[in-house]
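Data file: run16.cif. Format and content: mmCIF, C-alpha atoms and all ligand atoms.
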```cif
data_data
#
loop_
_atom_site.label_atom_id
_atom_site.label_comp_id
_atom_site.auth_asym_id
_atom_site.auth_seq_id
_atom_site.Cartn_x
_atom_site.Cartn_y
_atom_site.Cartn_z
CA MET G 1 10.42 -0.27 -21.62
CA GLU G 2 10.90 -3.99 -21.01
CA ASN G 3 14.26 -5.04 -19.69
CA PRO G 4 15.41 -8.07 -21.69
CA PHE G 5 17.66 -9.19 -18.83
CA CYS G 6 14.68 -9.62 -16.53
CA LYS G 7 13.29 -12.48 -18.59
CA ARG G 8 14.10 -15.85 -17.11
CA GLN G 9 16.32 -18.50 -18.76
CA LEU G 10 18.80 -16.10 -20.32
CA ASN G 11 21.93 -17.06 -22.16
CA PHE G 12 24.93 -16.09 -20.09
CA PHE G 13 27.89 -13.94 -21.19
CA LYS G 14 26.72 -11.98 -24.16
CA PRO G 15 27.73 -8.61 -25.52
CA ILE G 16 31.12 -7.07 -25.37
CA LEU G 17 29.36 -3.74 -24.99
CA PHE G 18 28.22 -4.83 -21.55
CA ILE G 19 31.79 -5.39 -20.41
CA THR G 20 32.68 -1.88 -21.54
CA ASP G 21 29.63 -0.45 -19.73
CA HIS G 22 30.52 -2.34 -16.60
CA SER G 23 34.08 -1.07 -16.36
CA LEU G 24 32.83 2.46 -16.92
CA LEU G 25 30.32 2.11 -14.09
CA VAL G 26 32.91 0.73 -11.72
CA ILE G 27 34.95 3.83 -12.36
CA MET G 28 31.91 6.06 -11.99
CA SER G 29 30.71 4.59 -8.71
CA HIS G 30 34.16 4.18 -7.04
CA LEU G 31 32.97 0.86 -5.66
CA LYS G 32 35.04 -2.30 -5.78
CA ASN G 33 31.90 -4.40 -5.59
CA ASP G 34 28.94 -2.69 -7.26
CA ILE G 35 27.00 -5.78 -8.31
CA LEU G 36 23.96 -4.66 -6.28
CA LEU G 37 23.84 -1.32 -8.10
CA ARG G 38 24.26 -2.95 -11.49
CA VAL G 39 21.43 -5.41 -10.95
CA LEU G 40 19.13 -2.61 -9.76
CA ARG G 41 19.93 -0.65 -12.92
CA GLY G 42 18.78 -3.68 -14.89
CA GLU G 43 22.25 -4.59 -16.17
CA LYS G 44 23.42 -8.09 -16.82
CA VAL G 45 25.39 -9.57 -13.91
CA GLU G 46 27.70 -12.55 -13.44
CA ARG G 47 25.66 -13.80 -10.44
CA PRO G 48 22.95 -12.34 -8.19
CA PRO G 49 24.19 -10.03 -5.41
CA VAL G 50 23.38 -11.16 -1.88
CA TRP G 51 22.57 -9.45 1.44
CA MET G 52 20.17 -10.28 4.28
CA MET G 53 17.49 -8.17 5.87
CA ARG G 54 18.43 -7.52 9.53
CA GLN G 55 21.94 -8.77 8.77
CA ALA G 56 23.39 -6.58 11.53
CA GLY G 57 21.92 -8.08 14.68
CA ARG G 58 21.55 -10.61 17.39
CA TYR G 59 22.71 -13.76 15.56
CA LEU G 60 26.24 -12.27 15.54
CA PRO G 61 28.24 -12.77 18.78
CA GLU G 62 30.18 -9.58 17.94
CA TYR G 63 26.88 -7.62 18.00
CA MET G 64 25.93 -9.21 21.32
CA VAL G 65 29.13 -7.87 22.90
CA LEU G 66 28.11 -4.30 22.02
CA ARG G 67 24.51 -5.01 23.02
CA GLU G 68 25.69 -5.88 26.56
CA LYS G 69 27.45 -2.54 26.89
CA TYR G 70 25.18 -0.01 25.20
CA SER G 71 21.41 0.58 24.98
CA PHE G 72 19.66 0.13 21.65
CA PHE G 73 19.34 3.86 20.97
CA GLU G 74 22.95 4.46 22.04
CA ARG G 75 23.95 1.90 19.42
CA CYS G 76 21.90 3.83 16.84
CA GLN G 77 22.91 7.33 17.95
CA VAL G 78 26.66 7.01 18.43
CA PRO G 79 28.02 7.03 14.85
CA GLU G 80 31.09 4.93 15.78
CA LEU G 81 28.84 2.19 17.22
CA ALA G 82 26.33 2.27 14.34
CA CYS G 83 29.24 2.12 11.90
CA GLU G 84 30.94 -0.78 13.66
CA ILE G 85 27.69 -2.80 13.76
CA THR G 86 26.95 -2.01 10.11
CA LEU G 87 30.35 -3.37 9.07
CA GLN G 88 30.14 -6.59 11.11
CA PRO G 89 28.19 -8.67 8.53
CA ILE G 90 30.44 -7.43 5.72
CA ASP G 91 33.53 -8.74 7.50
CA ILE G 92 31.98 -11.84 9.06
CA VAL G 93 29.40 -13.11 6.55
CA GLY G 94 30.69 -11.56 3.31
CA VAL G 95 27.50 -9.97 1.97
CA ASP G 96 27.57 -7.74 -1.14
CA ALA G 97 25.98 -4.71 0.59
CA ALA G 98 25.94 -3.00 3.97
CA ILE G 99 22.68 -1.74 5.48
CA LEU G 100 23.03 1.05 7.99
CA PHE G 101 22.43 -0.02 11.59
CA SER G 102 19.45 2.04 12.73
CA ASP G 103 15.70 1.46 13.04
CA ILE G 104 12.51 2.51 11.29
CA LEU G 105 11.23 3.82 14.64
CA VAL G 106 13.69 6.72 14.74
CA VAL G 107 11.15 8.54 12.53
CA PRO G 108 8.24 8.57 15.04
CA GLN G 109 10.83 9.46 17.68
CA ALA G 110 11.97 12.46 15.61
CA MET G 111 8.31 13.45 15.14
CA GLY G 112 7.95 13.76 18.91
CA LEU G 113 6.81 10.37 20.23
CA GLU G 114 8.64 8.49 22.91
CA VAL G 115 9.92 5.08 21.71
CA GLU G 116 11.35 2.44 24.05
CA LEU G 117 12.85 -0.88 23.19
CA VAL G 118 11.93 -3.32 25.93
CA GLU G 119 13.87 -6.59 26.20
CA SER G 120 11.73 -9.51 24.95
CA LYS G 121 8.74 -7.21 24.31
CA GLY G 122 10.00 -5.27 21.30
CA PRO G 123 9.21 -1.60 20.69
CA ILE G 124 6.85 0.26 23.03
CA LEU G 125 5.45 3.75 22.36
CA PRO G 126 3.92 4.61 25.76
CA ALA G 127 1.77 7.52 24.49
CA PRO G 128 0.45 6.56 21.05
CA ILE G 129 -1.74 8.64 18.71
CA LYS G 130 -5.43 7.99 19.32
CA THR G 131 -7.32 11.30 19.11
CA LEU G 132 -7.09 14.73 17.48
CA SER G 133 -5.48 16.29 20.54
CA ASP G 134 -2.61 13.80 20.30
CA PHE G 135 -1.50 15.62 17.15
CA ASP G 136 -0.37 18.48 19.42
CA ARG G 137 2.50 16.22 20.51
CA ILE G 138 3.84 15.52 17.01
CA ARG G 139 5.23 17.54 14.14
CA VAL G 140 7.10 17.25 10.85
CA PRO G 141 10.57 17.86 12.31
CA ASP G 142 13.69 19.50 10.93
CA VAL G 143 15.62 16.32 10.15
CA HIS G 144 18.98 17.96 10.82
CA GLU G 145 17.88 18.86 14.35
CA THR G 146 16.49 15.41 15.13
CA LEU G 147 18.27 12.85 12.96
CA GLN G 148 21.70 14.34 12.29
CA TYR G 149 23.26 11.34 14.07
CA VAL G 150 22.02 9.09 11.24
CA PHE G 151 23.65 11.26 8.59
CA ASP G 152 26.88 11.33 10.63
CA ALA G 153 26.78 7.52 10.90
CA ILE G 154 26.32 7.26 7.12
CA GLU G 155 29.29 9.52 6.43
CA LEU G 156 31.51 7.61 8.81
CA THR G 157 30.37 4.23 7.47
CA LYS G 158 30.97 5.25 3.85
CA LYS G 159 34.48 6.29 4.84
CA GLU G 160 35.17 3.05 6.70
CA LEU G 161 33.69 0.93 3.91
CA ASN G 162 36.16 2.60 1.58
CA GLY G 163 34.23 1.45 -1.50
CA ARG G 164 34.17 -2.24 -0.55
CA VAL G 165 30.39 -2.60 -1.03
CA PRO G 166 27.45 -0.19 -1.44
CA LEU G 167 25.61 1.18 1.60
CA ILE G 168 21.81 0.81 1.85
CA GLY G 169 19.82 3.44 3.74
CA PHE G 170 16.20 2.87 4.71
CA ALA G 171 12.98 4.02 6.34
CA GLY G 172 9.65 2.43 7.17
CA ALA G 173 6.71 2.90 4.81
CA PRO G 174 4.19 5.41 6.25
CA TRP G 175 1.58 2.69 6.90
CA THR G 176 4.05 0.53 8.85
CA ILE G 177 5.13 3.58 10.89
CA LEU G 178 1.47 4.48 11.57
CA CYS G 179 0.96 0.93 12.88
CA TYR G 180 3.46 1.61 15.69
CA MET G 181 2.43 5.24 16.27
CA VAL G 182 -1.23 4.24 16.81
CA GLN G 183 -1.03 0.72 18.28
CA GLY G 184 1.86 1.73 20.54
CA LYS G 185 3.50 -1.69 20.36
CA GLY G 186 4.08 -4.67 18.08
CA SER G 187 1.06 -6.77 17.15
CA LYS G 188 0.17 -9.68 14.85
CA THR G 189 -2.92 -7.89 13.51
CA PHE G 190 -2.40 -4.18 14.25
CA ASP G 191 -6.18 -4.08 14.75
CA GLU G 192 -6.14 -0.74 16.61
CA ALA G 193 -4.13 0.87 13.82
CA LYS G 194 -6.56 -0.51 11.24
CA ALA G 195 -9.59 0.60 13.28
CA PHE G 196 -8.06 4.10 13.46
CA CYS G 197 -7.75 4.21 9.64
CA TYR G 198 -11.23 2.83 9.00
CA SER G 199 -13.12 4.88 11.59
CA GLN G 200 -11.17 8.15 11.50
CA PRO G 201 -9.93 8.31 7.90
CA SER G 202 -9.21 12.05 7.75
CA MET G 203 -7.06 11.88 10.88
CA ALA G 204 -5.32 8.77 9.52
CA HIS G 205 -4.53 10.47 6.22
CA ARG G 206 -3.27 13.54 8.05
CA LEU G 207 -0.91 11.35 10.06
CA LEU G 208 0.19 9.37 6.99
CA GLN G 209 0.99 12.62 5.17
CA MET G 210 3.02 13.91 8.13
CA ILE G 211 5.02 10.67 8.21
CA THR G 212 5.49 10.83 4.43
CA ASP G 213 6.79 14.41 4.52
CA THR G 214 9.20 13.56 7.33
CA THR G 215 10.38 10.42 5.55
CA ILE G 216 11.04 12.22 2.26
CA ALA G 217 13.15 14.88 3.98
CA TYR G 218 14.93 12.18 6.01
CA LEU G 219 15.75 9.96 3.03
CA LYS G 220 16.90 12.87 0.87
CA GLU G 221 19.44 13.70 3.56
CA GLN G 222 20.51 10.04 3.77
CA VAL G 223 21.25 10.25 0.05
CA LYS G 224 23.20 13.50 0.51
CA ALA G 225 25.20 11.82 3.29
CA GLY G 226 26.19 9.06 0.87
CA VAL G 227 23.87 6.01 0.76
CA ASP G 228 23.84 4.23 -2.59
CA VAL G 229 20.41 2.57 -2.36
CA ILE G 230 17.26 3.21 -0.32
CA GLN G 231 14.91 0.45 0.86
CA VAL G 232 11.42 1.27 2.12
CA PHE G 233 10.22 -1.38 4.59
CA ASP G 234 6.47 -1.97 4.59
CA SER G 235 6.59 -4.87 7.01
CA TRP G 236 2.84 -4.70 7.69
CA GLY G 237 1.63 -3.98 4.13
CA GLY G 238 0.28 -7.53 3.94
CA LEU G 239 -2.26 -6.83 6.69
CA LEU G 240 -4.28 -4.69 4.26
CA GLY G 241 -6.47 -5.93 1.39
CA PRO G 242 -5.58 -4.73 -2.11
CA ASP G 243 -7.81 -1.60 -2.10
CA ASP G 244 -6.78 -0.53 1.38
CA PHE G 245 -3.13 -1.24 0.55
CA GLU G 246 -3.40 1.20 -2.36
CA ASN G 247 -5.28 3.86 -0.39
CA ILE G 248 -3.53 3.64 2.99
CA SER G 249 -0.07 2.43 2.08
CA LEU G 250 1.08 2.55 -1.54
CA LYS G 251 -0.34 6.03 -2.17
CA TYR G 252 2.20 7.35 0.35
CA THR G 253 5.10 5.04 -0.51
CA ARG G 254 4.62 6.19 -4.12
CA GLN G 255 5.19 9.81 -3.03
CA ILE G 256 8.44 8.75 -1.36
CA ILE G 257 9.70 6.84 -4.40
CA ASN G 258 8.67 9.69 -6.66
CA ALA G 259 10.67 12.17 -4.60
CA LEU G 260 13.79 9.96 -4.68
CA LYS G 261 13.76 8.06 -7.92
CA ASP G 262 15.90 10.54 -9.85
CA GLU G 263 18.50 10.73 -7.08
CA VAL G 264 18.99 7.16 -5.91
CA LEU G 265 18.11 3.52 -6.62
CA THR G 266 15.10 2.43 -4.55
CA ILE G 267 13.64 -0.88 -3.37
CA ILE G 268 10.18 -1.41 -1.90
CA PHE G 269 9.71 -4.36 0.44
CA ALA G 270 6.02 -4.72 1.24
CA LYS G 271 5.75 -8.04 3.02
CA GLY G 272 2.69 -10.05 2.02
CA ALA G 273 1.46 -7.48 -0.52
CA TRP G 274 2.08 -9.74 -3.55
CA HIS G 275 -1.30 -8.68 -4.97
CA SER G 276 0.10 -5.21 -5.63
CA LEU G 277 3.41 -6.16 -7.27
CA GLU G 278 2.18 -4.75 -10.55
CA SER G 279 1.25 -1.34 -9.07
CA MET G 280 4.49 -1.27 -7.10
CA SER G 281 6.46 -2.00 -10.28
CA GLU G 282 5.02 1.18 -11.78
CA THR G 283 6.22 3.51 -8.99
CA GLY G 284 9.72 4.08 -10.34
CA ALA G 285 11.30 1.79 -7.72
CA ARG G 286 14.08 -0.33 -9.24
CA GLY G 287 13.60 -3.33 -6.96
CA LEU G 288 10.73 -5.13 -5.23
CA GLY G 289 11.21 -7.37 -2.20
CA ILE G 290 9.09 -10.51 -1.96
CA ASP G 291 8.56 -13.01 0.82
CA TRP G 292 8.51 -16.82 0.61
CA CYS G 293 4.72 -17.10 0.28
CA ILE G 294 4.92 -16.44 -3.47
CA THR G 295 7.04 -18.30 -6.03
CA PRO G 296 9.66 -16.37 -7.99
CA GLN G 297 7.80 -17.32 -11.18
CA MET G 298 4.49 -15.90 -9.93
CA ALA G 299 6.16 -12.75 -8.66
CA ARG G 300 7.88 -12.23 -12.01
CA GLU G 301 4.57 -12.62 -13.85
CA LEU G 302 2.90 -10.07 -11.59
CA ALA G 303 5.78 -7.58 -11.50
CA GLY G 304 6.63 -7.77 -15.22
CA ASN G 305 10.05 -7.71 -16.84
CA LYS G 306 11.11 -4.16 -16.03
CA ILE G 307 12.13 -4.55 -12.40
CA THR G 308 14.58 -6.44 -10.20
CA LEU G 309 13.12 -8.84 -7.62
CA GLN G 310 14.66 -9.34 -4.18
CA GLY G 311 14.17 -12.31 -1.88
CA ASN G 312 12.75 -14.69 -0.95
CA PHE G 313 14.35 -17.35 1.24
CA ASP G 314 12.28 -18.28 4.30
CA PRO G 315 14.46 -17.09 7.24
CA ALA G 316 13.35 -20.14 9.25
CA LYS G 317 14.98 -22.36 6.60
CA LEU G 318 18.35 -21.02 7.74
CA LEU G 319 17.78 -23.18 10.82
CA SER G 320 17.99 -26.34 8.64
CA PRO G 321 21.21 -28.37 8.30
CA ILE G 322 23.74 -26.70 5.97
CA PRO G 323 23.36 -29.23 3.09
CA VAL G 324 19.61 -28.54 3.08
CA ILE G 325 20.25 -24.77 3.05
CA LYS G 326 22.60 -25.13 0.08
CA LYS G 327 20.14 -27.23 -1.89
CA GLU G 328 17.22 -24.89 -1.18
CA VAL G 329 19.23 -21.76 -1.98
CA LYS G 330 20.25 -23.24 -5.35
CA LYS G 331 16.63 -24.02 -6.08
CA MET G 332 15.66 -20.45 -5.25
CA LEU G 333 18.42 -19.06 -7.50
CA ASN G 334 17.38 -21.30 -10.40
CA ASP G 335 13.74 -20.33 -9.95
CA PHE G 336 14.65 -16.62 -10.22
CA GLY G 337 16.75 -17.36 -13.31
CA GLY G 338 20.01 -15.59 -12.46
CA GLN G 339 19.29 -12.06 -13.72
CA CYS G 340 17.34 -9.13 -12.24
CA HIS G 341 17.50 -10.87 -8.88
CA ILE G 342 18.97 -9.89 -5.52
CA ALA G 343 19.34 -12.93 -3.29
CA ASN G 344 17.95 -12.14 0.15
CA LEU G 345 15.65 -13.54 2.81
CA GLY G 346 11.89 -13.03 2.63
CA HIS G 347 12.05 -11.18 5.99
CA GLY G 348 14.65 -10.46 8.67
CA ILE G 349 17.17 -13.07 9.79
CA LEU G 350 16.10 -14.81 13.01
CA PRO G 351 18.23 -14.15 16.13
CA ASN G 352 18.75 -17.90 16.70
CA THR G 353 20.35 -18.45 13.26
CA PRO G 354 23.81 -20.05 13.54
CA VAL G 355 26.43 -17.78 11.93
CA ASP G 356 27.71 -20.73 9.83
CA HIS G 357 24.25 -21.10 8.33
CA ALA G 358 24.12 -17.42 7.35
CA LYS G 359 27.58 -17.87 5.79
CA ALA G 360 26.36 -20.96 3.90
CA PHE G 361 23.49 -18.89 2.47
CA VAL G 362 25.85 -16.16 1.24
CA GLU G 363 28.54 -18.56 -0.05
CA THR G 364 26.02 -20.64 -2.00
CA VAL G 365 24.89 -17.53 -3.85
CA LYS G 366 28.44 -16.41 -4.53
CA GLU G 367 29.43 -19.84 -5.89
CA TRP G 368 26.27 -20.41 -7.86
CA LYS G 369 26.51 -21.11 -11.53
CA LYS G 370 23.21 -21.72 -13.17
CA GLU G 371 24.56 -24.22 -15.67
CA SER G 372 26.30 -26.46 -13.16
CA VAL G 373 23.27 -26.61 -10.91
CA MET G 374 21.08 -27.60 -13.80
CA ARG G 375 23.55 -30.35 -14.69
CA ASP G 376 23.44 -31.72 -11.14
CA GLN G 377 19.65 -32.01 -11.12
O1 LIG G 401 18.76 -4.78 8.63
C1 LIG G 401 19.69 -4.38 9.38
O2 LIG G 401 20.60 -5.10 9.78
C2 LIG G 401 19.73 -2.90 9.70
C3 LIG G 401 19.12 -2.53 10.92
C4 LIG G 401 17.61 -2.62 11.11
C5 LIG G 401 17.04 -2.79 12.41
N1 LIG G 401 15.71 -2.64 12.31
C6 LIG G 401 17.83 -3.02 13.64
C7 LIG G 401 17.14 -3.59 14.80
C8 LIG G 401 16.56 -2.45 10.23
C9 LIG G 401 16.57 -2.28 8.72
C10 LIG G 401 15.35 -2.46 11.00
C11 LIG G 401 14.03 -2.26 10.41
C12 LIG G 401 12.85 -2.48 11.23
N2 LIG G 401 12.66 -2.17 12.56
C13 LIG G 401 11.61 -2.97 10.73
C14 LIG G 401 11.35 -3.34 9.30
C15 LIG G 401 11.93 -4.66 8.95
C16 LIG G 401 11.23 -5.87 9.57
O3 LIG G 401 11.96 -6.66 10.19
O4 LIG G 401 10.04 -6.01 9.40
C17 LIG G 401 10.70 -3.00 11.80
C18 LIG G 401 9.25 -3.46 11.73
C19 LIG G 401 11.38 -2.48 12.93
C20 LIG G 401 10.81 -2.26 14.30
C21 LIG G 401 11.54 -3.04 15.31
N3 LIG G 401 12.82 -2.73 15.78
C22 LIG G 401 11.09 -4.19 16.00
C23 LIG G 401 9.76 -4.85 15.79
C24 LIG G 401 12.11 -4.56 16.87
C25 LIG G 401 12.06 -5.66 17.92
C26 LIG G 401 11.99 -6.96 17.33
C27 LIG G 401 13.36 -7.49 17.06
O5 LIG G 401 13.61 -7.92 15.93
O6 LIG G 401 14.13 -7.46 17.99
C28 LIG G 401 13.19 -3.68 16.69
C29 LIG G 401 14.52 -3.70 17.35
C30 LIG G 401 15.69 -3.93 16.47
N4 LIG G 401 15.95 -3.19 15.34
C31 LIG G 401 16.76 -4.81 16.68
C32 LIG G 401 17.68 -4.62 15.65
C33 LIG G 401 19.01 -5.28 15.46
C34 LIG G 401 16.92 -5.75 17.86
C35 LIG G 401 17.55 -4.98 18.94
C36 LIG G 401 18.17 -5.87 19.94
O7 LIG G 401 17.45 -6.50 20.71
O8 LIG G 401 19.41 -5.91 19.96
#
```

Rewrite the structure from the file as structure tokens, please.
Ligand code: CP3
Amino acid sequence: MENPFCKRQLNFFKPILFITDHSLLVIMSHLKNDILLRVLRGEKVERPPVWMMRQAGRYLPEYMVLREKYSFFERCQVPELACEITLQPIDIVGVDAAILFSDILVVPQAMGLEVELVESKGPILPAPIKTLSDFDRIRVPDVHETLQYVFDAIELTKKELNGRVPLIGFAGAPWTILCYMVQGKGSKTFDEAKAFCYSQPSMAHRLLQMITDTTIAYLKEQVKAGVDVIQVFDSWGGLLGPDDFENISLKYTRQIINALKDEVLTIIFAKGAWHSLESMSETGARGLGIDWCITPQMARELAGNKITLQGNFDPAKLLSPIPVIKKEVKKMLNDFGGQCHIANLGHGILPNTPVDHAKAFVETVKEWKKESVMRDQ
């Protein structure tokens, strides 16, 4: 069914019924700020909710203090540290949602591969998957044995959040995880991962299915531990053409969404895969992330009126002077039309972003009123 709120240029403040629904939902969800959940359910909202991908990270001096003291995986594996880092952007920048501090690469690690995070080089997997015999080193793990620390961090974080904002859990899409498991490191093209899929398709599909099964079990436990929303990150989806994206990536992400859609609200962020917005909108996901290489209007046409869109501010634009940021954020908000939109970046925040600029992004969304902006123009 079409969602009338997803159409652009809506009249604001309409039915009384909505107000009644809203107060009921606030009671139901025990959240003081549940605007993210309401927009994902397709309800009318007073303004778009706002959070930033990679909001817990190196642009925050408070994160850097903990980074000096503890290794990356210590920060992920000690629930008190993961919790503290998760809460930092809520307290400092004022976003409408927390995203658990962790990493998509904990999944290949739980499957049996060694993962290192090397300063200024990014992730390194010293013994990647290349041949059939490499499958002897990996398995679909018991997620309680391997990833219990994530569920503990979620429980602690939910307690510490005390209903202030919802908590987002996440995992990588199977294709993006395969990229790292096969290439063994970051890459602009992931050519070895693609060559593996094109020249050894049955092995590639076996690996993708193992990642999918692990991810489903992992995310189901994240939900049991208390996350309110799940985002699937397909950071490298845009490296595949439309047919390969369907066959190598979306086919597996679809299984994940299908397994979760009745339990939790889900968002797919497949960077660069604008060509498949329509197919992604039919998965049962309630939100789709988009990057800055597509206009909100084009994305809405492709995705249809049933789904919430998330994005799409160019993270590099947060390096502009604050007045420019404010002007550009207002333009983005107007282009999305105020409903069925989660204000976010089109990819992760850059480590050299001044904290004041991140705050300006968030504050501009919170203060935005469609009417007043249109008057100013
Ligand atoms: O969004 C958040 O604040 C939650 C935490 C989070 C991290 N990684 C922490 C992190 C999330 C959601 C991720 C997802 C992730 N990890 C993705 C998908 C999103 C995207 O940005 O495309 C990918 C591809 C990874 C893999 C990964 N982890 C890379 C490529 C790197 C190194 C590059 C970089 O940004 O530093 C990491 C390390 C990483 N994961 C850091 C953080 C805060 C930096 C660690 C540090 O140096 O302190």

_Exercise: Gly348 of chain G partners within 8 Å, all atoms listed in the file, chain neighbours under 6 positions left out, as JSON, numbers by chain_ = {"G": [52, 53, 54, 55, 315]}

Given all atoms listed in the file, how would the per-residue table for chain G near ligand LIG 401 (chain G) read, listing every residue at most 7 Å away with its closest atom pair and distance in Å to one decimal, sorted by chain and number, as a tab-separated table?
```
residue	atom	partner	partner_atom	distance
G:Met53	CA	G:LIG401	O1	4.6
G:Arg54	CA	G:LIG401	O1	2.9
G:Gln55	CA	G:LIG401	O2	4.0
G:Ala56	CA	G:LIG401	O2	3.6
G:Gly57	CA	G:LIG401	C33	4.1
G:Arg58	CA	G:LIG401	O8	5.8
G:Arg67	CA	G:LIG401	O8	6.0
G:Phe72	CA	G:LIG401	C35	6.2
G:Ile99	CA	G:LIG401	C2	5.3
G:Leu100	CA	G:LIG401	C2	5.4
G:Phe101	CA	G:LIG401	C3	4.2
G:Ser102	CA	G:LIG401	C3	4.9
G:Asp103	CA	G:LIG401	N1	4.2
G:Ile104	CA	G:LIG401	N2	4.9
G:Leu105	CA	G:LIG401	C20	6.1
G:Leu117	CA	G:LIG401	C29	6.7
G:Glu119	CA	G:LIG401	O7	6.6
G:Gly122	CA	G:LIG401	C25	4.0
G:Pro123	CA	G:LIG401	C24	5.6
G:Phe170	CA	G:LIG401	C9	6.5
G:Gly172	CA	G:LIG401	C14	6.4
G:Gly186	CA	G:LIG401	C23	6.1
G:Phe233	CA	G:LIG401	C14	5.2
G:Asp234	CA	G:LIG401	C14	6.9
G:Ser235	CA	G:LIG401	O4	4.3
G:His347	CA	G:LIG401	O3	6.2
G:Gly348	CA	G:LIG401	O3	4.9
```

*asked:* What's around Leu207 of chain G at 10 Å? Count only C-alpha atoms, leave out sequence neighbours fewer than 6 positions away in its own chain, and write the answer as a PyMOL selection string.
replied: chain G and resi 129+135+138-140+174-175+177-178+181-182+197+201+213

Can you tell me, as a compact mmCIF listing (two decimals) with C-alpha atoms, in the frame of the given file, what residues are no more than 8 Å from Glu160 of chain G when counting all atoms listed in the file, ignoring any on the same chain fewer than 3 positions away?
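Contents of the output file around.txt:
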```
# COMPACT_ATOMS: atom_id res chain seq x y z
CA CYS G 83 29.24 2.12 11.90
CA LEU G 156 31.51 7.61 8.81
CA THR G 157 30.37 4.23 7.47
```

*Taking into account all atoms listed in the file, which residue in the set G:Thr214, G:Thr308, G:Gln88, G:Ser71 is nearest to Gly112 of chain G?*
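Closest to Gly112 of chain G, using all atoms listed in the file: G:Thr214.
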
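When all atoms listed in the file are used to measure the gap to Lys261 of chain G, the shortest distance among G:Lys159, G:Tyr149, G:Glu192, G:Ala285 belongs to G:Ala285.
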